[in-house]
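What follows is a set of notes on a single structure, which appears directly below.
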Amino acid sequence: MTEPTNSATETATPGTAGSTIHEGGCLCGIVRFTVQGAPVRADWCHCRECQRSSGSAAIPWGAWPVESFRISEGQHHLSCFSSTYRGQRHFCRECGATLHMTDPTDERGTVGVPLTALDDPSVARPTCHSWVSERVPWAQATDDLPAYEKDMPE
Ligand SMILES: [Zn+2]
Ligand SMILES: [Zn+2]
């Protein structure tokens, strides 16, 4: 028997399970994006940067492999703010909506996308809370998900 060759029909690899394309976009609709398959991880991030950039108590981030994420419309309406040395927050210049976050120091090669920016936010759900050391006192979780003081473990 020979080893299976690179078959176009067998594309399921860890982290890219499923080939369903999920669409999403900003508030005004000028910027549109797609992600493919399920996120490799998803968390509620309670850090102060997420709070200040979104106006919310936490952001439900899904992490997708960079190659699974694509801006499909409105690329030139995007702006980027580097909130920390590793957090580059991309947002729509027209409506201010928080879109994806990239991290130049991330060797795992993922891009963060707010699950709430997806047209159907129910396609994935956060599995933990991160940065609870900065969580707002009146925004305590009512679920039993694991909580981490800072970043979730690798
Ligand atoms: Zn917009
Ligand atoms: Zn955060």
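Going by the structure tokens order, chains are called A, B, ..., each with residues numbered from 1, while ligands are numbered from 1 in the order shown.
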* Please check which protein, DNA or RNA residues sit within 10 Å of ligand 2, counting only C-alpha atoms and all ligand atoms, and write them as a VMD selection string. => chain A and resid 43 to 54 57 to 61 83 87 101 130 to 132 134 150 to 151
* **Distance filter 12 Å around ligand 1, atoms: only C-alpha atoms and all ligand atoms, out as a PyMOL selection string** => chain A and resi 24-33+73-79+90-99+117
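Separating CA of Thr102 in chain A from CA of Pro114 in chain A is a distance of 12.0 Å.
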* Enumerate, as number ranges by chain, the complete set of residues in chain A that a backbone-based DSSP assignment places in strand (DSSP E). => A: 21-25, 32-36, 41-45, 59-65, 69-73, 78-82, 88-92, 98-102, 110-114, 129-130
* Interatomic distance between CA of Glu154 in chain A and CA of Thr127 in chain A? ->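 Interatomic distance here is 13.4 Å.
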* To one decimal place, how far is CA of Asp103 in chain A from CA of Ser72 in chain A in Å? ->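 Straight-line distance from CA of Asp103 in chain A to CA of Ser72 in chain A works out to 20.5 Å.
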* Asked: Could you write out, as a VMD selection string, all the residues of chain A that DSSP marks as helix (DSSP H, G or I)?
  -> chain A and resid 48 to 54 66 to 68 75 to 77 115 to 117 121 to 123 132 to 134
Kindly export the residues of the current selection with N, CA and C atoms, as a JSON list (two decimals), in the first residue's frame.
```
[["chain", "number", "residue", "atom", "x", "y", "z"],
["A", 48, "ARG", "N", -8.93, 44.79, 30.32],
["A", 48, "ARG", "CA", -9.34, 46.20, 30.22],
["A", 48, "ARG", "C", -9.29, 46.71, 28.78],
["A", 49, "GLU", "N", -8.34, 46.21, 28.00],
["A", 49, "GLU", "CA", -8.27, 46.66, 26.60],
["A", 49, "GLU", "C", -9.53, 46.24, 25.84],
["A", 50, "CYS", "N", -9.97, 45.02, 26.08],
["A", 50, "CYS", "CA", -11.21, 44.57, 25.41],
["A", 50, "CYS", "C", -12.40, 45.38, 25.90],
["A", 51, "GLN", "N", -12.42, 45.67, 27.20],
["A", 51, "GLN", "CA", -13.53, 46.46, 27.74],
["A", 51, "GLN", "C", -13.56, 47.84, 27.09],
["A", 52, "ARG", "N", -12.40, 48.50, 27.06],
["A", 52, "ARG", "CA", -12.37, 49.87, 26.55],
["A", 52, "ARG", "C", -12.63, 49.93, 25.06],
["A", 53, "SER", "N", -12.13, 48.94, 24.31],
["A", 53, "SER", "CA", -12.31, 49.00, 22.86],
["A", 53, "SER", "C", -13.73, 48.67, 22.44],
["A", 54, "SER", "N", -14.43, 47.88, 23.26],
["A", 54, "SER", "CA", -15.77, 47.43, 22.85],
["A", 54, "SER", "C", -16.88, 48.17, 23.57],
["A", 66, "VAL", "N", -5.04, 31.69, 10.79],
["A", 66, "VAL", "CA", -4.98, 32.84, 9.88],
["A", 66, "VAL", "C", -5.50, 32.48, 8.49],
["A", 67, "GLU", "N", -5.15, 31.27, 8.03],
["A", 67, "GLU", "CA", -5.54, 30.89, 6.66],
["A", 67, "GLU", "C", -7.04, 30.63, 6.53],
["A", 68, "SER", "N", -7.76, 30.55, 7.68],
["A", 68, "SER", "CA", -9.21, 30.32, 7.63],
["A", 68, "SER", "C", -9.99, 31.62, 7.66],
["A", 75, "GLN", "N", -11.98, 46.04, 2.72],
["A", 75, "GLN", "CA", -10.64, 46.04, 3.32],
["A", 75, "GLN", "C", -10.12, 47.46, 3.59],
["A", 76, "HIS", "N", -10.34, 48.37, 2.65],
["A", 76, "HIS", "CA", -9.77, 49.71, 2.81],
["A", 76, "HIS", "C", -10.56, 50.59, 3.78],
["A", 77, "HIS", "N", -11.65, 50.05, 4.35],
["A", 77, "HIS", "CA", -12.36, 50.79, 5.40],
["A", 77, "HIS", "C", -11.89, 50.36, 6.79],
["A", 115, "LEU", "N", -17.06, 36.55, 18.32],
["A", 115, "LEU", "CA", -18.13, 35.66, 17.86],
["A", 115, "LEU", "C", -19.38, 36.46, 17.53],
["A", 116, "THR", "N", -19.54, 37.59, 18.22],
["A", 116, "THR", "CA", -20.72, 38.44, 18.01],
["A", 116, "THR", "C", -20.65, 39.22, 16.71],
["A", 117, "ALA", "N", -19.49, 39.21, 16.02],
["A", 117, "ALA", "CA", -19.40, 39.86, 14.71],
["A", 117, "ALA", "C", -19.86, 38.93, 13.60],
["A", 121, "PRO", "N", -23.95, 34.30, 15.51],
["A", 121, "PRO", "CA", -23.00, 34.17, 16.63],
["A", 121, "PRO", "C", -23.09, 32.82, 17.35],
["A", 122, "SER", "N", -24.11, 32.03, 17.04],
["A", 122, "SER", "CA", -24.29, 30.76, 17.76],
["A", 122, "SER", "C", -23.46, 29.63, 17.18],
["A", 123, "VAL", "N", -22.68, 29.89, 16.13],
["A", 123, "VAL", "CA", -21.92, 28.80, 15.51],
["A", 123, "VAL", "C", -20.78, 28.30, 16.40],
["A", 132, "VAL", "N", -9.67, 37.22, 34.13],
["A", 132, "VAL", "CA", -10.67, 37.54, 35.15],
["A", 132, "VAL", "C", -10.07, 38.42, 36.25],
["A", 133, "SER", "N", -8.73, 38.56, 36.26],
["A", 133, "SER", "CA", -8.11, 39.48, 37.21],
["A", 133, "SER", "C", -8.54, 40.92, 36.94],
["A", 134, "GLU", "N", -9.04, 41.18, 35.72],
["A", 134, "GLU", "CA", -9.48, 42.53, 35.37],
["A", 134, "GLU", "C", -10.99, 42.59, 35.14]]
```
